[in-house]
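Visitor: See work29.cif below, with mmCIF, C-alpha atoms.
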```cif
data_target
#
loop_
_atom_site.label_atom_id
_atom_site.label_comp_id
_atom_site.auth_asym_id
_atom_site.auth_seq_id
_atom_site.Cartn_x
_atom_site.Cartn_y
_atom_site.Cartn_z
CA MET V 111 15.04 -19.43 -4.57
CA THR V 112 11.60 -20.09 -6.11
CA ALA V 113 9.57 -17.39 -7.82
CA PHE V 114 7.09 -17.46 -4.92
CA THR V 115 9.87 -17.09 -2.35
CA GLY V 116 11.35 -14.21 -4.30
CA PHE V 117 7.98 -12.49 -4.52
CA GLY V 118 7.50 -12.88 -0.77
CA ALA V 119 10.92 -11.42 -0.07
CA SER V 120 10.15 -8.49 -2.36
CA LEU V 121 6.91 -7.79 -0.49
CA ALA V 122 8.74 -7.96 2.85
CA VAL V 123 11.26 -5.37 1.62
CA GLU V 124 8.44 -3.16 0.36
CA GLU V 125 6.65 -3.39 3.72
CA LEU V 126 9.85 -2.30 5.45
CA GLU V 127 10.23 0.57 3.00
CA ILE V 128 6.67 1.69 3.73
CA GLU V 129 7.35 1.59 7.48
CA LEU V 130 10.44 3.77 7.00
CA LEU V 131 8.57 6.22 4.77
CA LEU V 132 5.75 6.60 7.30
CA GLU V 133 8.31 7.14 10.04
CA ALA V 134 9.94 9.83 7.91
CA LEU V 135 6.60 11.57 7.37
CA ASN V 136 5.99 11.53 11.11
CA GLN V 137 9.41 12.77 12.19
CA ARG V 138 10.02 15.27 9.39
CA HIS V 139 6.52 16.61 8.76
CA GLY V 140 4.49 15.70 11.86
CA TYR V 141 1.85 13.54 10.14
CA ASP V 142 1.43 10.11 11.69
CA PHE V 143 0.14 7.36 9.41
CA ARG V 144 1.96 4.54 11.19
CA ASP V 145 -1.22 2.97 12.62
CA TYR V 146 -3.17 3.16 9.37
CA GLU V 147 -4.24 -0.01 7.56
CA ARG V 148 -1.38 -1.01 5.29
CA ALA V 149 -3.46 -2.05 2.26
CA PRO V 150 -4.91 1.42 1.48
CA VAL V 151 -1.61 3.10 2.38
CA ARG V 152 0.28 0.84 -0.02
CA ARG V 153 -2.28 1.41 -2.78
CA LYS V 154 -2.05 5.18 -2.44
CA LEU V 155 1.74 5.20 -2.30
CA LEU V 156 1.98 3.03 -5.41
CA ALA V 157 -0.29 5.50 -7.22
CA VAL V 158 2.05 8.37 -6.31
CA MET V 159 5.04 6.33 -7.47
CA ALA V 160 3.36 5.55 -10.80
CA GLU V 161 2.62 9.25 -11.38
CA ARG V 162 6.27 10.09 -10.76
CA GLY V 163 7.78 7.11 -12.56
CA LEU V 164 9.38 5.69 -9.42
CA LYS V 165 10.07 1.99 -8.97
CA THR V 166 10.65 1.68 -5.21
CA VAL V 167 9.19 3.13 -2.04
CA SER V 168 12.73 3.95 -0.93
CA THR V 169 13.12 6.25 -3.92
CA LEU V 170 9.87 7.94 -2.97
CA GLN V 171 11.14 8.34 0.59
CA GLU V 172 14.31 10.02 -0.70
CA ARG V 173 12.16 12.44 -2.70
CA VAL V 174 9.97 13.14 0.36
CA LEU V 175 13.03 13.99 2.44
CA HIS V 176 14.91 16.04 -0.14
CA GLU V 177 12.67 17.19 -3.01
CA PRO V 178 10.37 20.23 -2.55
CA GLY V 179 6.76 19.30 -3.13
CA ALA V 180 7.20 15.53 -2.87
CA ALA V 181 6.02 15.35 0.74
CA SER V 182 2.98 17.45 -0.10
CA ALA V 183 2.03 15.06 -2.91
CA VAL V 184 2.32 12.03 -0.62
CA LEU V 185 0.38 13.68 2.21
CA ARG V 186 -2.41 14.66 -0.17
CA ALA V 187 -2.53 11.11 -1.52
CA LEU V 188 -2.76 9.59 1.97
CA ALA V 189 -5.49 11.99 3.08
CA LEU V 190 -9.19 11.24 2.73
CA ALA V 191 -10.34 11.68 -0.86
CA PRO V 192 -12.62 14.70 -1.37
CA SER V 193 -16.35 14.12 -1.71
CA GLY V 194 -18.63 15.71 -4.27
CA LEU V 195 -21.68 17.81 -3.47
CA PHE V 196 -24.58 15.46 -2.63
CA ALA V 197 -22.35 12.60 -3.80
CA ASP V 198 -24.24 10.16 -1.56
CA PRO V 199 -27.97 10.91 -1.85
CA ALA V 200 -28.96 7.99 0.40
CA TRP V 201 -26.84 9.40 3.21
CA ALA V 202 -28.24 12.90 2.67
CA ARG V 203 -31.83 11.61 2.92
CA GLU V 204 -31.16 9.83 6.19
CA ALA V 205 -29.16 12.76 7.56
CA ARG V 206 -32.16 15.06 7.05
CA ASP V 207 -34.30 12.78 9.20
CA VAL V 208 -31.73 11.84 11.86
CA LEU V 209 -30.23 15.29 12.34
CA GLY V 210 -33.57 17.03 12.03
CA LYS V 211 -34.95 15.06 14.98
CA SER V 212 -31.81 15.09 17.12
CA LEU V 213 -30.65 18.69 16.70
CA ARG V 214 -34.02 20.44 16.96
CA PRO V 215 -34.25 20.29 20.79
CA ALA V 216 -30.81 21.89 21.28
CA ALA V 217 -30.58 25.68 21.59
CA VAL V 218 -27.29 25.96 19.69
CA PRO V 219 -26.45 22.53 18.30
CA LYS V 220 -22.87 21.78 17.33
CA VAL V 221 -21.97 19.28 14.61
CA TRP V 222 -18.46 17.93 14.09
CA LEU V 223 -17.46 16.74 10.62
CA ALA V 224 -14.39 14.81 11.71
CA GLU V 225 -11.72 14.49 9.00
CA CYS V 226 -14.09 16.21 6.60
CA ALA V 227 -13.99 15.16 2.94
CA GLY V 228 -13.74 18.74 1.68
CA ILE V 229 -16.35 21.25 0.62
CA GLY V 230 -18.60 18.60 -0.93
CA GLU V 231 -19.32 17.03 2.45
CA ALA V 232 -19.48 20.31 4.39
CA TRP V 233 -21.68 22.11 1.89
CA THR V 234 -24.04 19.15 1.59
CA LEU V 235 -24.54 19.19 5.36
CA ALA V 236 -25.01 22.96 5.47
CA ILE V 237 -27.60 22.91 2.68
CA LEU V 238 -29.68 20.08 4.12
CA LEU V 239 -29.62 21.65 7.61
CA HIS V 240 -30.69 24.96 6.07
CA GLU V 241 -33.61 23.27 4.35
CA GLU V 242 -34.57 21.62 7.65
CA GLY V 243 -34.67 25.06 9.29
CA LEU V 244 -31.73 24.31 11.58
CA LEU V 245 -28.63 25.90 10.09
CA ALA V 246 -29.22 29.44 11.37
CA ARG V 247 -28.62 28.22 14.95
CA THR V 248 -26.25 25.34 14.23
CA GLU V 249 -22.46 25.48 14.29
CA ILE V 250 -20.66 23.09 11.93
CA PHE V 251 -17.02 22.32 12.73
CA ALA V 252 -15.29 20.82 9.70
CA THR V 253 -11.84 19.56 10.67
CA MET V 254 -8.91 18.14 8.73
CA ALA V 255 -5.43 16.99 9.69
CA ASN V 256 -3.77 18.19 6.47
CA ASP V 257 -3.07 21.93 6.61
CA GLU V 258 -2.83 22.31 2.83
CA LEU V 259 -6.18 20.63 2.23
CA LEU V 260 -7.68 22.76 4.99
CA PHE V 261 -6.48 25.94 3.26
CA ASP V 262 -7.84 24.68 -0.06
CA ALA V 263 -11.26 23.99 1.47
CA ARG V 264 -11.57 27.49 2.87
CA GLU V 265 -11.04 29.00 -0.57
CA ALA V 266 -12.56 26.32 -2.81
CA GLY V 267 -15.49 26.46 -5.20
CA ILE V 268 -16.93 24.09 -7.75
CA ASP V 269 -17.27 24.38 -11.50
CA ALA V 270 -20.52 26.24 -12.15
CA ALA V 271 -21.05 24.18 -15.29
CA ALA V 272 -21.50 21.10 -13.10
CA LEU V 273 -24.53 22.43 -11.22
CA ALA V 274 -27.09 21.12 -13.67
CA ALA V 275 -25.72 17.58 -13.35
CA LEU V 276 -25.61 17.86 -9.54
CA GLN V 277 -29.28 18.84 -9.36
CA GLU V 278 -30.41 15.23 -9.75
CA ASP V 279 -28.25 14.04 -6.82
CA TYR V 280 -29.58 16.94 -4.75
CA LEU V 281 -33.18 15.89 -5.48
CA LEU V 282 -32.39 12.24 -4.72
CA GLY V 283 -30.90 13.43 -1.42
CA GLY V 284 -34.24 14.94 -0.38
CA GLY V 285 -33.86 18.41 -1.85
CA ALA V 286 -37.13 20.06 -2.80
CA GLY V 287 -35.96 23.08 -4.77
CA ARG V 288 -32.97 24.14 -6.85
CA LEU V 289 -29.45 23.40 -5.70
CA ALA V 290 -28.31 26.57 -7.45
CA ASP V 291 -30.42 28.67 -5.07
CA HIS V 292 -27.95 27.85 -2.28
CA LEU V 293 -24.93 28.97 -4.29
CA GLU V 294 -23.52 32.08 -5.94
CA VAL V 295 -21.50 32.07 -9.14
CA ARG V 296 -18.37 34.15 -9.65
CA ASP V 297 -16.00 33.82 -12.62
CA GLY V 298 -17.37 30.42 -13.56
CA ARG V 299 -17.07 29.01 -10.03
CA ALA V 300 -19.94 28.30 -7.64
CA PHE V 301 -19.64 29.06 -3.93
CA LEU V 302 -21.94 28.41 -1.00
CA LEU V 303 -23.94 31.52 -0.12
CA PRO V 304 -22.16 33.63 2.53
CA ARG V 305 -24.92 33.26 5.13
CA LEU V 306 -24.65 29.48 4.84
CA ARG V 307 -20.86 29.44 4.64
CA ALA V 308 -20.71 31.49 7.85
CA ARG V 309 -22.11 28.54 9.80
CA ILE V 310 -19.07 26.38 8.90
CA THR V 311 -15.87 26.69 10.92
CA TRP V 312 -12.87 25.08 9.18
CA ALA V 313 -10.20 24.01 11.65
CA GLY V 314 -7.16 21.80 11.95
CA HIS V 315 -7.59 18.66 14.04
CA ASN V 316 -5.70 15.38 13.84
CA LEU V 317 -7.72 12.36 14.93
CA VAL V 318 -4.50 10.42 15.46
CA THR V 319 -2.94 12.76 18.01
CA ASP V 320 -5.34 15.50 19.13
CA ALA V 321 -7.77 15.50 22.06
CA SER V 322 -11.42 16.42 22.31
CA PHE V 323 -11.98 20.14 21.76
CA ASN V 324 -15.73 20.63 22.32
CA GLU V 325 -19.00 18.89 23.14
CA PHE V 326 -21.18 18.11 20.14
CA GLN V 327 -24.77 17.11 19.54
CA ALA V 328 -23.71 15.22 16.41
CA ILE V 329 -20.42 13.78 15.17
CA ILE V 330 -20.04 12.59 11.58
CA CYS V 331 -17.03 10.65 10.31
CA ARG V 332 -17.80 8.86 7.08
CA GLY V 333 -14.49 7.94 5.48
CA ALA V 334 -11.47 8.08 7.75
CA LEU V 335 -12.24 5.08 9.96
CA ALA V 336 -11.85 2.65 7.07
CA ASP V 337 -8.18 3.64 6.70
CA PHE V 338 -7.36 3.27 10.41
CA GLY V 339 -5.81 0.16 11.92
CA PRO V 340 -7.64 -1.56 14.81
CA LEU V 341 -5.85 0.23 17.65
CA LEU V 342 -6.23 3.63 16.01
CA ARG V 343 -9.93 3.02 15.34
CA GLN V 344 -10.49 2.34 19.02
CA ARG V 345 -8.57 5.46 19.98
CA VAL V 346 -10.78 7.53 17.67
CA MET V 347 -13.99 5.91 18.92
CA ARG V 348 -13.02 6.84 22.48
CA LEU V 349 -12.32 10.39 21.29
CA PHE V 350 -15.78 10.58 19.72
CA HIS V 351 -17.37 9.25 22.92
CA ASP V 352 -15.59 11.90 24.97
CA SER V 353 -16.81 14.59 22.54
CA LEU V 354 -20.44 13.57 22.06
CA ALA V 355 -23.17 14.89 24.35
CA ARG V 356 -25.53 12.40 25.92
CA PHE V 357 -28.36 11.66 23.46
CA GLY V 358 -26.22 13.09 20.68
CA VAL V 359 -25.91 11.15 17.43
CA LEU V 360 -22.91 9.51 15.80
CA GLY V 361 -22.80 8.91 12.05
CA ILE V 362 -19.96 6.66 10.87
CA ASP V 363 -19.11 4.48 7.88
CA ARG V 364 -19.50 1.06 9.47
CA GLU V 365 -21.59 -0.66 12.12
CA LEU V 366 -20.39 -0.68 15.70
CA GLY V 367 -19.23 -4.06 16.94
CA PRO V 368 -19.00 -5.55 20.46
CA GLY V 369 -15.25 -4.86 20.50
CA ASP V 370 -15.60 -1.17 19.73
CA ALA V 371 -14.80 1.26 22.52
CA ASP V 372 -17.95 2.24 24.48
CA ALA V 373 -20.18 0.35 22.02
CA GLY V 374 -22.61 -0.43 24.83
CA ALA V 375 -23.31 3.26 25.29
CA TYR V 376 -24.95 3.55 21.85
CA GLN V 377 -28.32 2.64 20.42
CA ALA V 378 -28.64 2.00 16.70
CA LEU V 379 -31.16 4.27 14.98
CA PRO V 380 -33.67 3.00 12.40
CA GLY V 381 -32.49 3.13 8.81
CA GLU V 382 -30.07 1.50 6.44
CA LEU V 383 -26.95 3.46 7.41
CA PRO V 384 -24.91 3.34 10.64
CA TRP V 385 -26.36 6.12 12.80
CA TYR V 386 -26.23 5.79 16.59
CA ARG V 387 -27.57 7.69 19.56
CA ARG V 388 -25.47 7.94 22.69
CA VAL V 389 -27.58 6.71 25.59
CA GLY V 390 -24.91 5.99 28.18
#
```
Would you kindly transcribe this structure into C-alpha coordinates?

Guide:
Amino acid sequence: MTAFTGFGASLAVEELEIELLLEALNQRHGYDFRDYERAPVRRKLLAVMAERGLKTVSTLQERVLHEPGAASAVLRALALAPSGLFADPAWAREARDVLGKSLRPAAVPKVWLAECAGIGEAWTLAILLHEEGLLARTEIFATMANDELLFDAREAGIDAAALAALQEDYLLGGGAGRLADHLEVRDGRAFLLPRLRARITWAGHNLVTDASFNEFQAIICRGALADFGPLLRQRVMRLFHDSLARFGVLGIDRELGPGDADAGAYQALPGELPWYRRVG
(Lines of atoms letter the chains of each structure in order from A and count residues from 1; the text may use other names and numbers.)
(Lines give C-alpha, C1' and ligand atoms only; values in the text may rest on other atoms or scores of the structure.)
Protein backbone atom coordinates (compact mmCIF):
# COMPACT_ATOMS: atom_id res chain seq x y z
CA MET A 1 0.00 0.00 0.00
CA THR A 2 1.39 3.42 -0.98
CA ALA A 3 1.38 6.39 1.37
CA PHE A 4 -1.28 8.05 -0.78
CA THR A 5 -3.49 4.95 -0.72
CA GLY A 6 -3.10 4.70 3.03
CA PHE A 7 -4.02 8.35 3.47
CA GLY A 8 -7.12 7.87 1.32
CA ALA A 9 -8.17 4.84 3.34
CA SER A 10 -7.70 6.81 6.55
CA LEU A 11 -9.92 9.62 5.25
CA ALA A 12 -12.58 7.10 4.22
CA VAL A 13 -12.59 5.64 7.74
CA GLU A 14 -12.82 9.13 9.23
CA GLU A 15 -15.75 9.99 6.96
CA LEU A 16 -17.54 6.86 8.13
CA GLU A 17 -16.80 7.76 11.75
CA ILE A 18 -18.27 11.23 11.20
CA GLU A 19 -21.41 9.72 9.66
CA LEU A 20 -21.83 7.46 12.70
CA LEU A 21 -21.25 10.33 15.13
CA LEU A 22 -23.85 12.51 13.40
CA GLU A 23 -26.29 9.61 13.46
CA ALA A 24 -25.65 9.21 17.19
CA LEU A 25 -26.29 12.92 17.79
CA ASN A 26 -29.56 12.64 15.89
CA GLN A 27 -30.85 9.48 17.55
CA ARG A 28 -29.61 10.15 21.08
CA HIS A 29 -29.99 13.93 21.35
CA GLY A 30 -32.39 14.92 18.54
CA TYR A 31 -30.04 17.26 16.66
CA ASP A 32 -29.72 16.46 12.97
CA PHE A 33 -26.48 17.51 11.27
CA ARG A 34 -26.50 14.69 8.72
CA ASP A 35 -27.21 16.98 5.74
CA TYR A 36 -24.64 19.61 6.71
CA GLU A 37 -21.59 20.23 4.52
CA ARG A 38 -18.91 17.81 5.63
CA ALA A 39 -15.93 20.19 5.44
CA PRO A 40 -17.08 22.58 8.21
CA VAL A 41 -18.43 19.69 10.28
CA ARG A 42 -15.09 17.89 10.08
CA ARG A 43 -13.18 21.06 10.96
CA LYS A 44 -15.32 21.70 14.03
CA LEU A 45 -15.15 18.10 15.21
CA LEU A 46 -11.37 18.04 14.86
CA ALA A 47 -11.20 21.19 16.99
CA VAL A 48 -13.22 19.49 19.75
CA MET A 49 -10.97 16.43 19.53
CA ALA A 50 -7.84 18.57 19.82
CA GLU A 51 -9.22 20.32 22.92
CA ARG A 52 -9.89 16.94 24.53
CA GLY A 53 -6.74 15.19 23.34
CA LEU A 54 -8.64 12.62 21.28
CA LYS A 55 -7.15 10.95 18.21
CA THR A 56 -10.21 9.49 16.47
CA VAL A 57 -13.78 10.51 15.79
CA SER A 58 -14.87 7.12 17.13
CA THR A 59 -13.39 8.00 20.50
CA LEU A 60 -15.29 11.27 20.44
CA GLN A 61 -18.48 9.36 19.60
CA GLU A 62 -17.94 7.09 22.60
CA ARG A 63 -17.57 10.15 24.81
CA VAL A 64 -20.73 11.70 23.32
CA LEU A 65 -22.72 8.56 24.09
CA HIS A 66 -21.35 7.88 27.57
CA GLU A 67 -19.61 10.92 29.08
CA PRO A 68 -21.68 13.73 30.66
CA GLY A 69 -21.00 17.04 28.97
CA ALA A 70 -19.34 15.63 25.85
CA ALA A 71 -22.46 15.89 23.71
CA SER A 72 -23.01 19.46 24.85
CA ALA A 73 -19.47 20.40 23.80
CA VAL A 74 -19.94 18.86 20.35
CA LEU A 75 -23.35 20.46 19.82
CA ARG A 76 -21.98 23.87 20.80
CA ALA A 77 -19.08 23.41 18.40
CA LEU A 78 -21.37 22.47 15.51
CA ALA A 79 -23.73 25.39 16.13
CA LEU A 80 -23.34 28.77 14.45
CA ALA A 81 -20.54 30.76 16.04
CA PRO A 82 -21.76 33.77 18.05
CA SER A 83 -21.47 37.22 16.51
CA GLY A 84 -20.21 40.34 18.24
CA LEU A 85 -22.18 43.55 18.64
CA PHE A 86 -21.97 45.52 15.37
CA ALA A 87 -19.37 42.98 14.23
CA ASP A 88 -20.26 43.64 10.57
CA PRO A 89 -20.66 47.41 10.12
CA ALA A 90 -21.25 47.12 6.36
CA TRP A 91 -24.22 44.83 6.98
CA ALA A 92 -25.58 47.14 9.68
CA ARG A 93 -25.44 50.15 7.33
CA GLU A 94 -27.35 48.35 4.59
CA ALA A 95 -29.83 46.88 7.08
CA ARG A 96 -30.75 50.38 8.25
CA ASP A 97 -31.65 51.36 4.70
CA VAL A 98 -33.30 48.11 3.56
CA LEU A 99 -35.30 47.43 6.72
CA GLY A 100 -36.14 51.09 7.22
CA LYS A 101 -37.83 51.23 3.81
CA SER A 102 -39.46 47.80 3.90
CA LEU A 103 -40.78 47.68 7.47
CA ARG A 104 -42.13 51.23 7.72
CA PRO A 105 -45.40 50.56 5.81
CA ALA A 106 -46.34 47.60 8.05
CA ALA A 107 -48.46 48.25 11.14
CA VAL A 108 -46.70 45.64 13.29
CA PRO A 109 -43.74 44.32 11.32
CA LYS A 110 -42.25 40.98 12.29
CA VAL A 111 -38.59 40.12 11.71
CA TRP A 112 -37.20 36.60 11.96
CA LEU A 113 -33.53 36.14 12.84
CA ALA A 114 -33.29 32.52 11.74
CA GLU A 115 -30.57 30.54 13.55
CA CYS A 116 -29.52 33.74 15.29
CA ALA A 117 -25.83 34.21 16.07
CA GLY A 118 -26.48 35.14 19.70
CA ILE A 119 -27.00 38.46 21.42
CA GLY A 120 -24.53 40.27 19.16
CA GLU A 121 -26.74 39.81 16.12
CA ALA A 122 -30.05 40.33 17.93
CA TRP A 123 -28.95 43.41 19.84
CA THR A 124 -27.41 44.97 16.74
CA LEU A 125 -30.73 44.60 14.93
CA ALA A 126 -32.73 45.95 17.87
CA ILE A 127 -30.48 49.00 18.23
CA LEU A 128 -30.50 49.94 14.56
CA LEU A 129 -34.29 49.50 14.32
CA HIS A 130 -34.68 51.67 17.43
CA GLU A 131 -32.58 54.38 15.83
CA GLU A 132 -34.69 54.14 12.67
CA GLY A 133 -37.82 54.71 14.78
CA LEU A 134 -39.20 51.24 14.09
CA LEU A 135 -38.45 49.05 17.08
CA ALA A 136 -41.36 50.19 19.28
CA ARG A 137 -43.81 48.52 16.86
CA THR A 138 -41.58 45.74 15.54
CA GLU A 139 -41.41 42.18 16.87
CA ILE A 140 -38.05 40.43 16.51
CA PHE A 141 -38.08 36.63 16.70
CA ALA A 142 -34.58 35.31 17.36
CA THR A 143 -34.53 31.53 16.99
CA MET A 144 -31.92 28.85 17.63
CA ALA A 145 -31.91 25.07 17.37
CA ASN A 146 -29.59 24.53 20.34
CA ASP A 147 -31.50 24.76 23.63
CA GLU A 148 -28.40 25.48 25.71
CA LEU A 149 -27.31 28.35 23.49
CA LEU A 150 -30.86 29.68 23.54
CA PHE A 151 -30.84 29.72 27.36
CA ASP A 152 -27.45 31.44 27.35
CA ALA A 153 -28.70 34.14 24.97
CA ARG A 154 -31.66 34.98 27.18
CA GLU A 155 -29.38 35.64 30.14
CA ALA A 156 -26.24 36.91 28.40
CA GLY A 157 -24.47 40.24 28.64
CA ILE A 158 -21.20 41.59 27.33
CA ASP A 159 -18.12 42.82 29.13
CA ALA A 160 -18.73 46.49 29.92
CA ALA A 161 -15.03 47.19 29.43
CA ALA A 162 -15.44 46.36 25.73
CA LEU A 163 -17.97 49.12 25.02
CA ALA A 164 -15.39 51.76 24.19
CA ALA A 165 -13.82 49.53 21.55
CA LEU A 166 -17.25 48.63 20.11
CA GLN A 167 -18.17 52.30 19.66
CA GLU A 168 -16.14 52.55 16.45
CA ASP A 169 -17.93 49.57 14.86
CA TYR A 170 -21.25 51.07 15.92
CA LEU A 171 -20.38 54.37 14.20
CA LEU A 172 -19.17 52.55 11.07
CA GLY A 173 -22.51 50.70 11.08
CA GLY A 174 -24.41 53.99 10.79
CA GLY A 175 -24.82 54.82 14.46
CA ALA A 176 -25.07 58.52 15.20
CA GLY A 177 -24.77 58.61 18.98
CA ARG A 178 -23.25 56.52 21.76
CA LEU A 179 -23.61 52.76 21.78
CA ALA A 180 -23.56 52.86 25.57
CA ASP A 181 -26.82 54.83 25.57
CA HIS A 182 -28.65 51.67 24.45
CA LEU A 183 -27.22 49.56 27.26
CA GLU A 184 -27.22 49.37 31.04
CA VAL A 185 -24.29 48.18 33.12
CA ARG A 186 -24.63 45.85 36.11
CA ASP A 187 -21.71 44.21 37.92
CA GLY A 188 -19.33 44.87 35.06
CA ARG A 189 -21.66 43.45 32.41
CA ALA A 190 -23.60 45.44 29.81
CA PHE A 191 -27.18 44.51 28.89
CA LEU A 192 -29.56 45.86 26.30
CA LEU A 193 -32.02 48.31 27.85
CA PRO A 194 -35.21 46.56 29.00
CA ARG A 195 -37.50 48.49 26.65
CA LEU A 196 -35.37 47.36 23.70
CA ARG A 197 -34.88 43.83 24.99
CA ALA A 198 -38.66 43.47 25.32
CA ARG A 199 -39.00 43.62 21.53
CA ILE A 200 -36.92 40.43 21.12
CA THR A 201 -38.57 37.03 21.53
CA TRP A 202 -36.04 34.20 21.93
CA ALA A 203 -37.45 30.86 20.80
CA GLY A 204 -36.38 27.38 19.81
CA HIS A 205 -36.67 26.54 16.13
CA ASN A 206 -34.74 24.00 14.08
CA LEU A 207 -34.35 24.91 10.42
CA VAL A 208 -33.60 21.27 9.61
CA THR A 209 -36.84 19.81 10.95
CA ASP A 210 -39.35 22.50 11.95
CA ALA A 211 -42.07 24.12 9.85
CA SER A 212 -43.03 27.74 9.32
CA PHE A 213 -44.44 29.31 12.48
CA ASN A 214 -45.45 32.84 11.42
CA GLU A 215 -45.56 35.31 8.55
CA PHE A 216 -42.74 37.84 8.53
CA GLN A 217 -42.01 41.12 6.80
CA ALA A 218 -38.28 40.35 6.96
CA ILE A 219 -36.24 37.17 7.38
CA ILE A 220 -32.51 37.33 8.11
CA CYS A 221 -30.23 34.30 8.03
CA ARG A 222 -26.60 35.31 7.73
CA GLY A 223 -24.50 32.33 8.75
CA ALA A 224 -26.30 29.00 8.85
CA LEU A 225 -26.80 28.49 5.11
CA ALA A 226 -23.07 28.18 4.49
CA ASP A 227 -22.96 25.04 6.67
CA PHE A 228 -25.91 23.34 4.98
CA GLY A 229 -25.57 20.78 2.21
CA PRO A 230 -27.37 21.43 -1.11
CA LEU A 231 -30.58 19.54 -0.29
CA LEU A 232 -30.86 21.11 3.14
CA ARG A 233 -30.26 24.60 1.74
CA GLN A 234 -33.16 24.13 -0.66
CA ARG A 235 -35.38 22.87 2.14
CA VAL A 236 -34.58 25.99 4.18
CA MET A 237 -35.11 28.33 1.23
CA ARG A 238 -38.58 26.85 0.73
CA LEU A 239 -39.24 27.33 4.45
CA PHE A 240 -38.25 30.99 4.19
CA HIS A 241 -40.48 31.44 1.14
CA ASP A 242 -43.43 29.96 3.01
CA SER A 243 -42.74 32.31 5.94
CA LEU A 244 -42.11 35.59 4.12
CA ALA A 245 -44.95 37.97 3.32
CA ARG A 246 -45.27 39.24 -0.22
CA PHE A 247 -43.00 42.27 -0.67
CA GLY A 248 -41.12 41.24 2.46
CA VAL A 249 -37.33 41.20 2.40
CA LEU A 250 -34.87 38.33 2.72
CA GLY A 251 -31.32 38.92 3.94
CA ILE A 252 -28.97 35.95 3.51
CA ASP A 253 -25.24 35.28 3.30
CA ARG A 254 -24.96 34.45 -0.39
CA GLU A 255 -26.56 35.40 -3.69
CA LEU A 256 -29.57 33.46 -4.91
CA GLY A 257 -28.89 31.26 -7.90
CA PRO A 258 -31.18 29.87 -10.64
CA GLY A 259 -31.26 26.51 -8.86
CA ASP A 260 -32.44 27.92 -5.56
CA ALA A 261 -36.00 27.13 -4.51
CA ASP A 262 -38.42 29.90 -5.60
CA ALA A 263 -35.53 32.09 -6.80
CA GLY A 264 -37.77 33.55 -9.49
CA ALA A 265 -40.04 35.03 -6.85
CA TYR A 266 -37.34 37.42 -5.61
CA GLN A 267 -35.91 40.69 -6.82
CA ALA A 268 -32.39 41.68 -5.80
CA LEU A 269 -32.22 44.99 -3.95
CA PRO A 270 -29.55 47.63 -4.68
CA GLY A 271 -26.42 47.36 -2.59
CA GLU A 272 -23.37 45.21 -2.11
CA LEU A 273 -24.93 42.53 0.12
CA PRO A 274 -27.52 39.85 -0.77
CA TRP A 275 -30.87 41.42 0.11
CA TYR A 276 -33.98 40.36 -1.81
CA ARG A 277 -37.60 41.43 -1.98
CA ARG A 278 -40.27 38.80 -2.49
CA VAL A 279 -42.33 39.84 -5.49
CA GLY A 280 -44.02 36.56 -6.37

Visitor: Report as a ChimeraX atom specification all protein, DNA and RNA residues lying within 12 Å of Glu325 of chain V, evaluated on all atoms listed in the file, omitting residues in the same chain fewer than 3 positions from it.

Guide: /V:218-222,249,251,321-322,328-329,349-359

Visitor: Check the smallest atom-to-atom distance from each of V:Asp145, V:Gln327, V:Leu126, V:Ala334 to Arg388 of chain V using all atoms listed in the file, then report the winner.

Guide: V:Gln327

Visitor: Output the residue selection produced by the PyMOL selection byres ((chain V and resi 153-163) around 10) on the file above, formatted as number ranges by chain.

Guide: V: 128, 131, 148-152, 164-167, 169-170, 180, 183-189

Visitor: The PyMOL selection byres ((chain V and resi 256) around 8) - which residues does that actually catch in the file I just gave you? List them as JSON, numbers by chain.

Guide: {"V": [185, 186, 189, 254, 255, 257, 258, 259, 260, 314]}

Visitor: Next, write the just-selected residues to a file, as a CSV table (one decimal), in the coordinates of the input, keeping C-alpha atoms as the atom set.

Guide:
```
chain,number,residue,atom,x,y,z
V,185,LEU,CA,0.4,13.7,2.2
V,186,ARG,CA,-2.4,14.7,-0.2
V,189,ALA,CA,-5.5,12.0,3.1
V,254,MET,CA,-8.9,18.1,8.7
V,255,ALA,CA,-5.4,17.0,9.7
V,257,ASP,CA,-3.1,21.9,6.6
V,258,GLU,CA,-2.8,22.3,2.8
V,259,LEU,CA,-6.2,20.6,2.2
V,260,LEU,CA,-7.7,22.8,5.0
V,314,GLY,CA,-7.2,21.8,12.0
```

Visitor: Write out as a list in words which residues come within 8 Å of segment 301-310 of chain V when counting only C-alpha atoms, dropping same-chain ones fewer than 2 positions away.

Guide: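 Final neighbour list, sorted by chain and number: Ala232, Trp233, Ala236, Ile237, His240, Leu245, Ala246, Thr248, Glu249, Ile250, Phe251, Ala252, Ala266, Gly267, Ile268, His292, Leu293, Glu294, Val295, Arg296, Arg299 and Trp312 of chain V.
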
Visitor: Any idea what the distance is between atom CA of Glu147 of chain V and atom CA of Val318 of chain V?

Guide: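 Spanning atom CA of Glu147 of chain V to atom CA of Val318 of chain V is a straight-line distance of 13.1 Å.
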
Visitor: Rank nothing, just name the residue among V:Leu244, V:Leu276, V:Glu365, V:Ile229 nearest to Thr311 of chain V, using only C-alpha atoms.

Guide: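 Nearest candidate to Thr311 of chain V out of V:Leu244, V:Leu276, V:Glu365, V:Ile229: V:Ile229.
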
Visitor: Which one of V:Leu209, V:His139, V:Ile330, V:Gln171 sits closest to Glu124 of chain V if you count only C-alpha atoms?

Guide: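 Answer, going by the shortest atom-to-atom distance: V:Gln171.
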
Visitor: Which of these residues is nearest to Cys226 of chain V, using all atoms listed in the file: V:Leu175, V:Ala274, V:Leu317, V:Val346?

Guide: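 Closest to Cys226 of chain V of all the choices is V:Leu317.
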
Visitor: Suppose you want the space between atom CA of Gly230 of chain V and atom CA of Thr319 of chain V; what is it in Å?

Guide: 25.3 Å

Visitor: In Å to one decimal, how far is atom CA of Arg264 of chain V from atom CA of Ala313 of chain V?

Guide: 9.5 Å

Visitor: Pick from V:Gly284, V:Gly390, V:Gly374, V:Gly367: nearest to Glu204 of chain V, with all atoms listed in the file counted?

Guide: V:Gly284

Visitor: Counting all atoms listed in the file, figure out which residue out of V:Thr234, V:Tyr141, V:Gly369, V:Phe326 gets nearest to Ser212 of chain V.

Guide: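 Closest to Ser212 of chain V, using all atoms listed in the file: V:Phe326.
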
Visitor: I'd like to see the residues matched by the PyMOL selection byres ((chain V and resi 197) around 9) on this file, and ideally I'd get them as a list in words.

Guide: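 Applied to this file, the PyMOL selection byres ((chain V and resi 197) around 9) selects Ser193, Gly194, Leu195, Phe196, Asp198, Pro199, Trp201, Ala202, Gly230, Glu231, Thr234, Leu276, Asp279, Tyr280 and Gly283 of chain V.
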
Visitor: Within 7 Å of Ala378 of chain V, counting all atoms listed in the file, which residues show up once you throw out same-chain ones fewer than 3 positions away? Write them as a ChimeraX atom specification, please.

Guide: /V:385-387
